[in-house]
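As stored in upload_16.txt (compact mmCIF, C-alpha atoms and all ligand atoms):
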```txt
# COMPACT_ATOMS: atom_id res chain seq x y z
CA MET A 1 -10.36 -0.47 -10.46
CA ILE A 2 -13.31 1.62 -9.30
CA VAL A 3 -13.07 4.09 -6.46
CA ALA A 4 -16.50 5.33 -5.56
CA HIS A 5 -18.32 7.16 -2.81
CA ARG A 6 -20.65 5.52 -0.30
CA ARG A 7 -24.11 4.47 -1.51
CA LEU A 8 -23.24 4.93 -5.14
CA GLY A 9 -24.63 1.50 -5.92
CA LYS A 10 -21.27 -0.26 -5.99
CA THR A 11 -22.41 -3.63 -4.73
CA VAL A 12 -25.50 -3.72 -6.95
CA CYS A 13 -23.38 -2.72 -9.94
CA VAL A 14 -20.69 -5.37 -9.55
CA ILE A 15 -23.17 -8.13 -8.72
CA ASN A 16 -25.03 -7.37 -11.94
CA HIS A 17 -21.74 -7.29 -13.83
CA ALA A 18 -20.95 -10.78 -12.56
CA ILE A 19 -24.44 -12.01 -13.47
CA MET A 20 -24.12 -10.59 -16.98
CA LYS A 21 -20.72 -12.24 -17.43
CA ALA A 22 -22.04 -15.57 -16.13
CA LEU A 23 -25.13 -15.49 -18.35
CA THR A 24 -23.10 -14.75 -21.46
CA ASP A 25 -20.35 -17.25 -20.64
CA LYS A 26 -19.75 -19.69 -23.48
CA SER A 27 -17.19 -21.99 -21.88
CA GLY A 28 -19.76 -24.23 -20.20
CA SER A 29 -17.81 -24.02 -16.94
CA GLY A 30 -17.48 -20.30 -16.19
CA ARG A 31 -16.55 -19.49 -12.62
CA TYR A 32 -17.18 -16.04 -11.16
CA GLY A 33 -16.42 -14.97 -7.62
CA TYR A 34 -17.69 -12.13 -5.48
CA ILE A 35 -15.46 -11.42 -2.48
CA ALA A 36 -16.35 -9.21 0.45
CA PRO A 37 -14.01 -8.56 3.39
CA TYR A 38 -16.02 -10.99 5.56
CA ARG A 39 -18.12 -13.96 4.55
CA SER A 40 -20.89 -12.84 6.90
CA GLN A 41 -20.88 -9.51 5.07
CA ALA A 42 -21.05 -11.19 1.65
CA LYS A 43 -24.03 -13.13 2.92
CA SER A 44 -25.86 -10.25 4.57
CA ILE A 45 -25.42 -7.75 1.74
CA ALA A 46 -24.59 -9.34 -1.59
CA TRP A 47 -26.41 -12.65 -1.33
CA ASP A 48 -29.84 -11.05 -1.38
CA TYR A 49 -28.84 -8.97 -4.41
CA VAL A 50 -27.59 -12.07 -6.25
CA LYS A 51 -30.81 -13.98 -5.64
CA HIS A 52 -32.96 -10.98 -6.42
CA PHE A 53 -31.30 -10.12 -9.72
CA THR A 54 -31.16 -13.75 -10.93
CA ALA A 55 -34.72 -14.60 -9.90
CA GLY A 56 -35.93 -14.20 -13.48
CA VAL A 57 -33.37 -16.57 -15.00
CA PRO A 58 -35.11 -19.83 -15.92
CA GLY A 59 -33.42 -22.91 -14.49
CA ARG A 60 -31.05 -21.09 -12.15
CA ASN A 61 -30.14 -23.11 -9.10
CA VAL A 62 -29.44 -21.55 -5.68
CA ASN A 63 -27.38 -23.22 -2.97
CA GLU A 64 -27.82 -21.43 0.37
CA THR A 65 -25.01 -23.19 2.26
CA GLU A 66 -22.36 -22.77 -0.43
CA LEU A 67 -23.59 -19.31 -1.44
CA THR A 68 -23.57 -20.31 -5.09
CA VAL A 69 -25.91 -19.69 -8.00
CA ASP A 70 -25.62 -22.08 -10.96
CA PHE A 71 -26.85 -21.09 -14.39
CA PRO A 72 -28.18 -23.37 -17.13
CA ASN A 73 -25.08 -22.69 -19.27
CA GLY A 74 -22.84 -24.27 -16.60
CA ALA A 75 -21.61 -20.94 -15.24
CA ARG A 76 -21.50 -20.34 -11.48
CA ILE A 77 -21.31 -17.30 -9.23
CA ARG A 78 -20.04 -17.93 -5.74
CA LEU A 79 -19.67 -15.58 -2.77
CA PHE A 80 -16.60 -15.59 -0.53
CA GLY A 81 -15.19 -13.72 2.43
CA ALA A 82 -11.57 -12.53 2.44
CA ASP A 83 -11.51 -13.56 6.12
CA ASN A 84 -11.43 -17.16 4.96
CA PRO A 85 -9.03 -17.09 2.00
CA ASP A 86 -8.34 -20.82 2.18
CA ALA A 87 -11.83 -21.49 0.82
CA MET A 88 -10.57 -19.96 -2.45
CA ARG A 89 -7.38 -21.97 -2.73
CA GLY A 90 -7.37 -24.51 -5.49
CA LEU A 91 -10.15 -22.79 -7.44
CA TYR A 92 -9.93 -20.97 -10.74
CA PHE A 93 -11.85 -17.89 -11.77
CA ASP A 94 -12.89 -16.42 -15.11
CA GLY A 95 -13.68 -13.24 -13.29
CA VAL A 96 -13.63 -12.01 -9.76
CA ILE A 97 -15.02 -9.02 -7.95
CA LEU A 98 -13.46 -7.61 -4.81
CA ASP A 99 -15.90 -5.37 -2.99
CA GLU A 100 -14.69 -2.98 -0.25
CA VAL A 101 -11.06 -3.82 -1.00
CA ALA A 102 -9.82 -1.27 1.53
CA ASP A 103 -11.01 -3.56 4.35
CA MET A 104 -9.33 -6.72 3.08
CA LYS A 105 -6.04 -8.18 4.21
CA PRO A 106 -3.61 -7.10 1.49
CA GLU A 107 -2.07 -10.54 0.97
CA VAL A 108 -5.34 -12.14 -0.13
CA TRP A 109 -5.16 -10.57 -3.58
CA GLY A 110 -1.53 -11.44 -4.34
CA GLU A 111 -1.37 -14.85 -2.70
CA ILE A 112 -4.74 -16.36 -3.44
CA ILE A 113 -6.82 -14.50 -5.98
CA ARG A 114 -4.34 -13.30 -8.58
CA PRO A 115 -2.87 -16.81 -9.16
CA ALA A 116 -6.41 -18.23 -9.49
CA LEU A 117 -6.99 -16.01 -12.55
CA SER A 118 -4.02 -17.32 -14.51
CA ASP A 119 -5.28 -20.49 -16.17
CA ARG A 120 -8.43 -18.90 -17.63
CA ASN A 121 -6.90 -15.48 -18.27
CA GLY A 122 -9.56 -14.07 -15.96
CA TRP A 123 -10.37 -10.47 -15.09
CA ALA A 124 -10.63 -8.78 -11.73
CA CYS A 125 -12.75 -5.84 -10.71
CA PHE A 126 -11.92 -3.90 -7.56
CA ILE A 127 -14.47 -1.58 -6.09
CA GLY A 128 -14.68 0.33 -2.84
CA THR A 129 -14.48 3.56 -0.92
CA PRO A 130 -11.02 4.82 0.15
CA LYS A 131 -9.70 4.12 3.60
CA GLY A 132 -6.26 5.65 3.81
CA GLN A 133 -3.08 4.40 2.23
CA ASN A 134 -3.42 0.69 1.67
CA LEU A 135 -3.61 -1.95 -1.05
CA PHE A 136 -6.70 -0.31 -2.54
CA HIS A 137 -4.83 2.94 -3.03
CA GLU A 138 -1.79 1.17 -4.45
CA LEU A 139 -3.90 -0.70 -6.98
CA TYR A 140 -5.63 2.52 -7.95
CA GLU A 141 -2.27 4.17 -8.62
CA TYR A 142 -0.99 1.08 -10.39
CA GLY A 143 -4.06 1.06 -12.62
CA LEU A 144 -3.48 4.68 -13.60
CA SER A 145 -0.13 3.85 -15.15
CA HIS A 146 -0.67 0.38 -16.62
CA ASN A 147 -2.35 -0.15 -19.96
CA SER A 148 -4.17 -3.38 -19.25
CA TRP A 149 -5.79 -1.74 -16.22
CA CYS A 150 -8.40 0.95 -15.90
CA SER A 151 -8.73 3.13 -12.82
CA VAL A 152 -11.70 5.40 -12.35
CA ILE A 153 -12.95 7.49 -9.46
CA TYR A 154 -16.50 8.66 -8.73
CA ARG A 155 -16.98 11.45 -6.19
CA ALA A 156 -20.36 12.34 -4.72
CA ASP A 157 -20.04 16.00 -5.76
CA GLU A 158 -19.64 14.83 -9.39
CA THR A 159 -22.01 11.87 -9.75
CA GLY A 160 -25.13 13.60 -8.46
CA ILE A 161 -26.46 10.24 -7.22
CA ILE A 162 -26.87 11.45 -3.67
CA PRO A 163 -29.20 14.48 -3.57
CA ALA A 164 -27.50 17.79 -2.74
CA GLN A 165 -29.75 18.26 0.26
CA GLU A 166 -28.71 14.89 1.68
CA LEU A 167 -25.02 15.68 1.13
CA GLU A 168 -25.42 18.94 3.02
CA GLU A 169 -26.99 17.10 5.90
CA ALA A 170 -24.17 14.56 5.86
CA ILE A 171 -21.57 17.35 5.98
CA ALA A 172 -23.29 18.78 9.04
CA VAL A 173 -22.89 15.64 11.14
CA MET A 174 -19.69 14.09 9.76
CA SER A 175 -16.17 15.31 10.50
CA ALA A 176 -14.43 17.00 7.59
CA ASN A 177 -12.12 14.02 7.25
CA GLN A 178 -14.97 11.53 7.27
CA TYR A 179 -16.79 13.46 4.58
CA ARG A 180 -13.69 13.74 2.42
CA GLN A 181 -13.11 10.02 2.72
CA GLU A 182 -16.62 8.62 2.37
CA PHE A 183 -18.06 11.01 -0.18
CA LEU A 184 -15.15 12.75 -1.91
CA CYS A 185 -13.05 9.56 -2.12
CA ASP A 186 -9.97 11.19 -0.66
CA PHE A 187 -7.36 8.55 0.14
CA SER A 188 -5.42 10.91 2.40
CA ALA A 189 -8.35 11.74 4.64
CA SER A 190 -8.60 8.82 7.01
CA GLU A 191 -5.88 9.49 9.56
CA ASP A 192 -5.61 12.88 11.21
CA ASN A 193 -2.07 12.54 12.49
CA VAL A 194 -0.01 10.77 9.82
CA LEU A 195 3.64 11.77 10.10
CA ILE A 196 4.20 12.19 6.37
CA THR A 197 1.08 13.16 4.46
CA ILE A 198 0.22 11.76 1.06
CA ASP A 199 0.40 15.27 -0.39
CA MET A 200 4.04 15.55 0.70
CA VAL A 201 4.75 12.09 -0.70
CA SER A 202 3.07 12.85 -4.04
CA ASP A 203 5.10 16.03 -4.41
CA ALA A 204 8.31 14.18 -3.55
CA ALA A 205 7.58 11.66 -6.31
CA LYS A 206 7.19 14.43 -8.90
CA LYS A 207 10.46 16.25 -8.28
CA GLY A 208 12.44 16.44 -11.46
CA LEU A 209 15.94 16.44 -10.00
CA THR A 210 18.97 16.52 -12.25
CA GLU A 211 22.49 15.22 -11.76
CA ALA A 212 23.50 18.77 -10.81
CA ASP A 213 21.23 18.66 -7.79
CA ILE A 214 23.08 15.73 -6.28
CA ARG A 215 26.60 16.06 -7.64
CA GLY A 216 29.01 15.44 -4.80
CA ALA A 217 26.27 14.71 -2.27
CA VAL A 218 26.78 12.05 0.32
CA ARG A 219 25.81 8.51 -0.70
CA VAL A 220 24.09 6.37 1.87
CA MET A 221 22.69 2.88 1.66
CA GLY A 222 19.88 1.57 3.86
CA VAL A 223 19.22 -2.16 4.07
CA ASP A 224 16.05 -3.58 5.58
CA VAL A 225 16.47 -7.32 6.08
CA ALA A 226 13.43 -9.59 5.85
CA ARG A 227 11.78 -10.37 9.14
CA PHE A 228 10.13 -13.58 10.15
CA GLY A 229 6.91 -14.19 8.22
CA ASP A 230 7.86 -11.69 5.55
CA ASP A 231 10.38 -12.61 2.91
CA ARG A 232 11.27 -9.27 1.32
CA SER A 233 14.56 -7.55 1.89
CA VAL A 234 15.06 -4.06 0.52
CA ILE A 235 18.16 -2.12 -0.47
CA CYS A 236 17.82 1.66 -0.75
CA ARG A 237 20.40 3.96 -2.32
CA ARG A 238 20.14 7.62 -1.40
CA GLU A 239 22.32 10.30 -2.85
CA GLY A 240 21.66 13.56 -1.03
CA LEU A 241 18.22 14.67 -2.09
CA TRP A 242 17.73 11.72 -4.38
CA CYS A 243 16.37 8.37 -3.32
CA HIS A 244 16.99 5.95 -6.19
CA ASP A 245 14.63 3.14 -7.16
CA MET A 246 14.76 0.41 -4.57
CA ARG A 247 16.05 -3.10 -5.00
CA ILE A 248 13.73 -5.74 -3.55
CA VAL A 249 15.15 -9.19 -2.92
CA GLU A 250 12.82 -12.05 -2.17
CA ASN A 251 13.43 -15.42 -0.54
CA ALA A 252 17.19 -15.06 -0.24
CA ASP A 253 19.14 -16.65 2.63
CA ASN A 254 21.59 -14.52 4.62
CA MET A 255 24.67 -15.54 2.64
CA THR A 256 23.07 -14.90 -0.73
CA PHE A 257 21.61 -11.60 0.40
CA ALA A 258 24.94 -10.47 1.89
CA GLY A 259 26.52 -11.21 -1.51
CA ILE A 260 23.91 -9.05 -3.23
CA VAL A 261 24.46 -6.17 -0.77
CA ALA A 262 28.23 -6.48 -1.31
CA ARG A 263 27.79 -6.10 -5.07
CA GLU A 264 25.51 -3.09 -4.55
CA ILE A 265 28.15 -1.50 -2.31
CA ASP A 266 30.89 -2.10 -4.90
CA GLU A 267 28.75 -0.47 -7.54
CA PHE A 268 27.29 2.48 -5.60
CA LYS A 269 30.35 3.18 -3.40
CA PRO A 270 28.35 4.62 -0.49
CA ASP A 271 29.88 6.76 2.25
CA GLY A 272 27.86 4.81 4.79
CA VAL A 273 25.79 1.62 4.96
CA PHE A 274 23.10 1.16 7.62
CA ILE A 275 21.53 -2.25 8.14
CA ASP A 276 18.53 -3.09 10.28
CA ALA A 277 19.86 -5.22 13.14
CA GLY A 278 16.49 -6.85 13.85
CA ARG A 279 16.92 -9.76 11.46
CA GLY A 280 20.08 -8.57 9.81
CA GLU A 281 22.73 -9.95 12.13
CA GLY A 282 23.73 -12.82 9.85
CA VAL A 283 23.96 -10.43 6.91
CA ILE A 284 25.98 -7.89 8.92
CA ASP A 285 28.46 -10.54 10.16
CA ARG A 286 28.94 -11.89 6.68
CA LEU A 287 29.55 -8.46 5.16
CA ARG A 288 32.13 -7.69 7.86
CA GLN A 289 33.87 -11.01 7.18
CA LEU A 290 34.07 -9.96 3.57
CA GLY A 291 35.71 -6.73 4.65
CA TYR A 292 32.82 -4.30 4.22
CA SER A 293 32.27 -1.62 6.80
CA VAL A 294 28.59 -1.52 7.72
CA LEU A 295 26.68 -0.15 10.72
CA GLU A 296 23.91 -2.01 12.46
CA ILE A 297 20.86 -0.06 13.50
CA ASN A 298 18.45 -1.19 16.16
CA PHE A 299 15.05 0.38 15.47
CA GLY A 300 14.05 0.10 19.12
CA SER A 301 17.23 1.63 20.55
CA SER A 302 17.31 5.14 21.91
CA ALA A 303 17.45 8.05 19.49
CA SER A 304 20.49 10.29 19.02
CA GLU A 305 18.21 13.17 19.92
CA SER A 306 16.68 11.30 22.81
CA ALA A 307 14.86 14.32 24.17
CA ARG A 308 12.86 14.65 20.93
CA TYR A 309 12.28 11.06 19.88
CA ALA A 310 11.13 7.99 21.80
CA ASN A 311 13.32 5.63 19.76
CA LYS A 312 15.62 5.39 16.77
CA ARG A 313 12.87 4.40 14.34
CA SER A 314 10.78 7.47 15.20
CA GLU A 315 13.83 9.67 14.74
CA MET A 316 14.79 8.19 11.37
CA TRP A 317 11.25 8.54 10.04
CA ASP A 318 11.04 12.14 11.18
CA LYS A 319 14.29 12.81 9.33
CA VAL A 320 12.65 11.40 6.20
CA ARG A 321 9.83 13.89 6.73
CA GLU A 322 12.28 16.79 7.11
CA TRP A 323 14.24 15.58 4.10
CA ILE A 324 11.10 15.51 1.93
CA LYS A 325 10.23 19.01 3.14
CA SER A 326 13.74 20.16 2.21
CA GLY A 327 13.27 18.90 -1.36
CA GLY A 328 13.95 15.16 -1.16
CA ALA A 329 12.88 13.18 -4.24
CA ILE A 330 11.56 9.63 -4.18
CA PRO A 331 10.88 7.21 -7.04
CA ASN A 332 7.28 7.12 -8.24
CA ASN A 333 6.65 3.74 -6.64
CA PRO A 334 3.07 3.25 -5.37
CA GLU A 335 4.15 0.85 -2.63
CA LEU A 336 6.80 3.16 -1.28
CA LYS A 337 4.42 6.10 -1.45
CA SER A 338 1.66 4.43 0.51
CA GLU A 339 4.09 2.99 3.05
CA LEU A 340 5.55 6.43 3.71
CA ALA A 341 2.13 7.99 4.18
CA SER A 342 0.80 5.32 6.55
CA PRO A 343 2.26 5.58 10.06
CA THR A 344 0.71 7.99 12.50
CA TYR A 345 2.56 9.61 15.39
CA LYS A 346 1.84 10.83 18.88
CA PHE A 347 3.79 12.26 21.78
CA ASP A 348 4.63 10.28 24.92
CA ALA A 349 4.46 11.55 28.52
CA GLY A 350 7.91 13.06 28.12
CA GLY A 351 6.83 15.01 25.03
CA ARG A 352 8.86 12.80 22.68
CA LEU A 353 7.59 11.83 19.26
CA VAL A 354 6.54 8.17 18.94
CA LEU A 355 5.92 6.68 15.52
CA GLU A 356 3.13 4.13 15.19
CA PRO A 357 4.68 0.66 15.68
CA LYS A 358 4.65 -1.90 12.88
CA GLU A 359 2.33 -4.20 14.83
CA LYS A 360 -0.26 -1.43 14.93
CA LEU A 361 0.07 -0.93 11.17
CA LYS A 362 -0.55 -4.66 10.71
CA GLU A 363 -3.67 -4.44 12.87
CA ARG A 364 -4.93 -1.72 10.54
CA GLY A 365 -4.53 -4.12 7.62
CA LEU A 366 -1.38 -2.43 6.31
CA ARG A 367 1.73 -4.34 5.44
CA SER A 368 5.13 -3.96 6.99
CA PRO A 369 6.69 -0.79 5.50
CA ASP A 370 9.85 -2.48 4.22
CA LEU A 371 10.63 0.01 1.45
CA ALA A 372 10.01 3.06 3.61
CA ASP A 373 12.09 1.55 6.44
CA ALA A 374 14.98 1.08 4.02
CA LEU A 375 14.81 4.78 3.13
CA ALA A 376 14.49 5.71 6.82
CA LEU A 377 17.65 3.72 7.56
CA THR A 378 19.64 6.09 5.36
CA PHE A 379 18.96 8.72 8.03
CA ALA A 380 20.23 6.66 10.97
CA TYR A 381 23.23 8.95 11.52
CA PRO A 382 24.70 11.95 9.76
CA ILE A 383 27.43 10.89 7.36
CA ARG A 384 30.44 12.97 6.45
CA GLY A 385 30.65 13.15 2.68
CA THR A 386 33.87 12.58 0.80
CA ARG A 387 32.87 14.01 -2.54
CA GLY A 388 33.07 17.73 -1.91
CA GLY A 389 29.34 18.22 -2.19
CA GLN A 390 29.64 21.98 -2.66
CA SER A 391 27.88 22.05 -6.01
CA VAL A 392 24.53 21.11 -4.47
CA ARG A 393 22.63 24.33 -4.86
CA ARG A 394 20.00 23.88 -2.17
CA ILE A 395 19.35 25.96 0.88
CA MET A 396 18.54 24.01 3.96
CA ASN A 397 18.88 24.31 7.68
CA ASP A 398 22.10 23.25 9.43
CA ASP A 399 20.38 20.42 11.17
CA MET A 400 19.43 18.70 7.93
CA SER A 401 22.48 19.54 5.86
CA LYS A 402 24.59 16.96 7.65
CA TYR A 403 22.33 14.22 6.29
CA PHE A 404 23.04 15.41 2.79
CA GLY A 405 26.77 15.64 3.08
CA LEU A 406 26.90 19.33 2.33
N1 LIG A 501 -28.78 1.17 -10.72
C1 LIG A 501 -29.53 1.43 -9.66
N2 LIG A 501 -30.73 2.02 -9.78
C2 LIG A 501 -31.48 2.29 -8.71
N3 LIG A 501 -31.14 2.03 -7.44
C3 LIG A 501 -29.97 1.43 -7.25
C4 LIG A 501 -29.09 1.11 -8.34
N4 LIG A 501 -27.97 0.54 -7.83
C5 LIG A 501 -28.14 0.53 -6.51
N5 LIG A 501 -29.34 1.03 -6.14
C6 LIG A 501 -29.83 1.19 -4.76
O1 LIG A 501 -28.94 2.05 -4.09
C7 LIG A 501 -28.71 1.59 -2.75
C8 LIG A 501 -27.22 1.38 -2.51
O2 LIG A 501 -26.77 0.31 -3.34
P1 LIG A 501 -25.46 -0.51 -2.97
O3 LIG A 501 -25.64 -1.32 -1.75
O4 LIG A 501 -25.04 -1.25 -4.19
O5 LIG A 501 -24.48 0.70 -2.71
P2 LIG A 501 -22.97 0.71 -2.27
O6 LIG A 501 -22.27 1.75 -3.06
O7 LIG A 501 -22.42 -0.68 -2.33
O8 LIG A 501 -23.13 1.20 -0.76
P3 LIG A 501 -22.07 1.09 0.44
O9 LIG A 501 -21.11 2.21 0.21
O10 LIG A 501 -22.90 1.31 1.66
O11 LIG A 501 -21.46 -0.28 0.34
C9 LIG A 501 -29.52 0.32 -2.60
O12 LIG A 501 -30.73 0.65 -1.95
C10 LIG A 501 -29.75 -0.13 -4.03
O13 LIG A 501 -30.93 -0.89 -4.13
MG MG A 502 -21.53 -1.97 -0.94
```
Please re-express this file's structure in structure tokens.
Ligand SMILES: Nc1ncnc2c1ncn2[C@@H]1O[C@H](COP(=O)(O)OP(=O)(O)OP(=O)(O)O)[C@@H](O)[C@H]1O
Ligand SMILES: [Mg+2]
Amino acid sequence: MIVAHRRLGKTVCVINHAIMKALTDKSGSGRYGYIAPYRSQAKSIAWDYVKHFTAGVPGRNVNETELTVDFPNGARIRLFGADNPDAMRGLYFDGVILDEVADMKPEVWGEIIRPALSDRNGWACFIGTPKGQNLFHELYEYGLSHNSWCSVIYRADETGIIPAQELEEAIAVMSANQYRQEFLCDFSASEDNVLITIDMVSDAAKKGLTEADIRGAVRVMGVDVARFGDDRSVICRREGLWCHDMRIVENADNMTFAGIVAREIDEFKPDGVFIDAGRGEGVIDRLRQLGYSVLEINFGSSASESARYANKRSEMWDKVREWIKSGGAIPNNPELKSELASPTYKFDAGGRLVLEPKEKLKERGLRSPDLADALALTFAYPIRGTRGGQSVRRIMNDDMSKYFGL
């Protein structure tokens, strides 16, 4: 997992890595893939490099239409575009390179490429320049904490590959954010108006809270039910300043999922349960039949503070921001962290805060923020605590304290 600045030589490096692996392959049928965000891009940039660097290999065979190079030992390198993932279905890989990962649709890795590595125990190499909080950032964080992965980062001020003079000239014409992103590899630099910055999120994931910090605090559960075309439902337990690790449920029908939520409620004994009404109606009805008291929340409905927020979703997310600022702690979960730090905000004609809609996040190649929405749901309405809550030794403003049950 290589994060590197622009013009480091990333594409040349990974192409040569693939060539070296192919040339030394002993299986007689080695398959190596190079994947760029678009096939046209793979062809215009990497294809020339592949031909150039293999030109000296005796007996190598180039196929211009398939974008493949075959080697005498039976190994093959083939170029793909992530814009046409179906071309990769049904193939296997001994090794695969994903160049400019930040521009790829996030599902391509999990749905298509990762499974194709399984039968040959293949490797994957990710390389690119940061572009905000997306799959690339998540994989970088994942790699930092998992032994079979390696994550490295190369910044232009450290590598010395781009001459100092040239860097100074780049600084002069680029915005500070552009420079931080393209040359200093700063994942948090791309969007100027994110609601919750990655710095806030990182701090929130490092809070070492103890039981004493949340003793007696209100317990709230937020449930984000899978929407069409997305099969993950998420259950979030928040206890005052503490957001516990989230429960993700995949491919469950409404009845099964309602049963799971019911068990979670029995165990956690929340003071309030908020469920996303968008796709959650079946789940809500079922839970009520079973005698559970739950509240449905419509993300698009008007906010409680309708003069400040354009809709309920914007309001809930801003409460998450305030909560983090007041000391809220989140689990160190890379997905949750990047989801929280993704949406931008603006103000509408009436001066009300509007959070970036999910469709816009999708257009930017980001996935639906299911985990972060589940946390946001725990701020749908203030909840009156039943546990006393007085032992929570935190100072916070009156406005926020009602969300903590103090
Ligand atoms: N090891 C190397 N030695 C000398 N020159 C190199 C080396 N690797 C790459 N180059 C040259 O550096 C330039 C940039 O290489 P490359 O396209 O691989 O960079 P990149 O990091 O992928 O750039 P971008 O960020 O624009 O995608 C090219 O002109 C390439 O020929
Ligand atoms: Mg490149």
| query | Near stretch 259-261 of chain A, counting all atoms listed in the file, which residues have an atom at most 12 Å away, once you skip same-chain residues fewer than 5 positions from it, shown as a PyMOL selection string? | reply | chain A and resi 221-225+233-237+247-250+252-254+266-270+273-275+280+282-294
| said: I'd like the contact shell of stretch 71-78 of chain A - 7 Å cut-off, only C-alpha atoms, skipping same-chain residues fewer than 2 positions apart - returned as a list in words. | reply: Ala22, Asp25, Gly28, Ser29, Gly30, Arg31, Tyr32, Gly33, Tyr34, Gly59, Arg60, Asn61, Leu67, Thr68, Val69 and Phe80 of chain A
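In this model, the gap between atom CA of A:Ser188 and atom CA of A:Lys319 comes to 21.0 Å.
For ligand MG 502 (chain A), the neighbouring polymer residues at 7 Å or closer are A:Arg7, A:Gly9, A:Lys10, A:Thr11, A:Asp99, A:Glu100, all atoms listed in the file being used.
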Which chain A residues have any atom within 9 Å of an atom of ligand LIG 501 (chain A), and for each, what is the nearest pair of atoms with distance in Å to one decimal, counting only C-alpha atoms and all ligand atoms, rows sorted by chain and number, as a tab-separated table?
```
residue	atom	partner	partner_atom	distance
A:Ala4	CA	A:LIG501	O6	7.2
A:His5	CA	A:LIG501	O9	6.4
A:Arg6	CA	A:LIG501	O9	3.4
A:Arg7	CA	A:LIG501	O8	3.5
A:Leu8	CA	A:LIG501	O6	3.9
A:Gly9	CA	A:LIG501	O4	3.3
A:Lys10	CA	A:LIG501	O6	3.7
A:Thr11	CA	A:LIG501	O4	3.6
A:Val12	CA	A:LIG501	O4	3.7
A:Cys13	CA	A:LIG501	N4	6.0
A:Val14	CA	A:LIG501	O4	8.0
A:Ile15	CA	A:LIG501	O4	8.4
A:Ile45	CA	A:LIG501	O3	7.3
A:Ala46	CA	A:LIG501	O3	8.1
A:Tyr49	CA	A:LIG501	O13	8.4
A:Asp99	CA	A:LIG501	O7	8.1
A:Glu100	CA	A:LIG501	O11	7.3
A:Ile127	CA	A:LIG501	O7	8.8
A:Gly128	CA	A:LIG501	O9	7.4
A:Thr129	CA	A:LIG501	O9	6.9
A:Glu182	CA	A:LIG501	O9	8.1
```
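Atom CA of A:Ser202 to atom CA of A:Ile324 spans 10.4 Å [interatomic distance, one decimal].
Taking only C-alpha atoms into account, A:Pro334 lies nearest to A:Leu144 out of the set A:Ala42, A:Cys185, A:Leu295, A:Leu144.
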| note | Correct to one decimal, the distance atom CA of A:Asp231-atom CA of A:Gly122 is 27.5 Å
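For the choices A:Lys26, A:Arg364, A:Arg89, A:Arg263, the atom-to-atom distance to A:Ile113 is smallest for A:Arg89 when using only C-alpha atoms.
Ranking A:Leu377, A:Ile97, A:Val152, A:Ala116 by their shortest atom-to-atom distance to A:Gly81, with only C-alpha atoms included, puts A:Ile97 first.
The nearest approach to A:Cys125 among the residues A:Trp149, A:Phe53, A:Tyr38, A:Phe347, with all atoms listed in the file taken into account, belongs to A:Trp149.
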Which centre and which edge lengths, in Å to one decimal, describe the axis-aligned box that holds all listed atoms of stretch 277-284 of chain A after 3 Å is added on each side, as JSON?
```
{"center_x": 21.2, "center_y": -9.0, "center_z": 10.4, "size_x": 15.5, "size_y": 13.6, "size_z": 12.9}
```
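Among the candidates A:Ile2, A:Val354, A:Leu340, A:Ala156, the one nearest to A:Thr197 when counting all atoms listed in the file is A:Leu340.
If all atoms listed in the file are the atoms counted, then among A:Arg384, A:His244, A:Lys360, A:Lys325 the closest residue to A:Asp203 is A:Lys325.
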| request: Compile the contact shell of A:Asp157 as a ChimeraX atom specification: residues with an atom at most 10 Å away, counting all atoms listed in the file, same-chain residues fewer than 6 positions apart removed. | output: /A:5,163-164,167,183-184
Final N, CA and C atoms of stretch 374-382 of chain A as a PDB file, in the frame of the given file:
```pdb
ATOM      1  N   ALA A 374      13.657   1.059   4.651  1.00  0.00           N
ATOM      2  CA  ALA A 374      14.980   1.080   4.020  1.00  0.00           C
ATOM      3  C   ALA A 374      15.417   2.527   3.766  1.00  0.00           C
ATOM      4  N   LEU A 375      14.483   3.358   3.325  1.00  0.00           N
ATOM      5  CA  LEU A 375      14.810   4.780   3.130  1.00  0.00           C
ATOM      6  C   LEU A 375      15.110   5.433   4.481  1.00  0.00           C
ATOM      7  N   ALA A 376      14.280   5.118   5.488  1.00  0.00           N
ATOM      8  CA  ALA A 376      14.490   5.710   6.820  1.00  0.00           C
ATOM      9  C   ALA A 376      15.872   5.355   7.355  1.00  0.00           C
ATOM     10  N   LEU A 377      16.330   4.141   7.061  1.00  0.00           N
ATOM     11  CA  LEU A 377      17.650   3.720   7.560  1.00  0.00           C
ATOM     12  C   LEU A 377      18.772   4.613   7.045  1.00  0.00           C
ATOM     13  N   THR A 378      18.579   5.217   5.875  1.00  0.00           N
ATOM     14  CA  THR A 378      19.640   6.090   5.360  1.00  0.00           C
ATOM     15  C   THR A 378      19.797   7.354   6.193  1.00  0.00           C
ATOM     16  N   PHE A 379      18.872   7.560   7.141  1.00  0.00           N
ATOM     17  CA  PHE A 379      18.960   8.720   8.030  1.00  0.00           C
ATOM     18  C   PHE A 379      19.334   8.318   9.455  1.00  0.00           C
ATOM     19  N   ALA A 380      19.923   7.142   9.622  1.00  0.00           N
ATOM     20  CA  ALA A 380      20.230   6.660  10.970  1.00  0.00           C
ATOM     21  C   ALA A 380      21.217   7.591  11.670  1.00  0.00           C
ATOM     22  N   TYR A 381      22.245   8.015  10.965  1.00  0.00           N
ATOM     23  CA  TYR A 381      23.230   8.950  11.520  1.00  0.00           C
ATOM     24  C   TYR A 381      23.696   9.875  10.404  1.00  0.00           C
ATOM     25  N   PRO A 382      24.107  11.076  10.775  1.00  0.00           N
ATOM     26  CA  PRO A 382      24.700  11.950   9.760  1.00  0.00           C
ATOM     27  C   PRO A 382      25.991  11.316   9.244  1.00  0.00           C
TER      28      PRO A 382
END
```
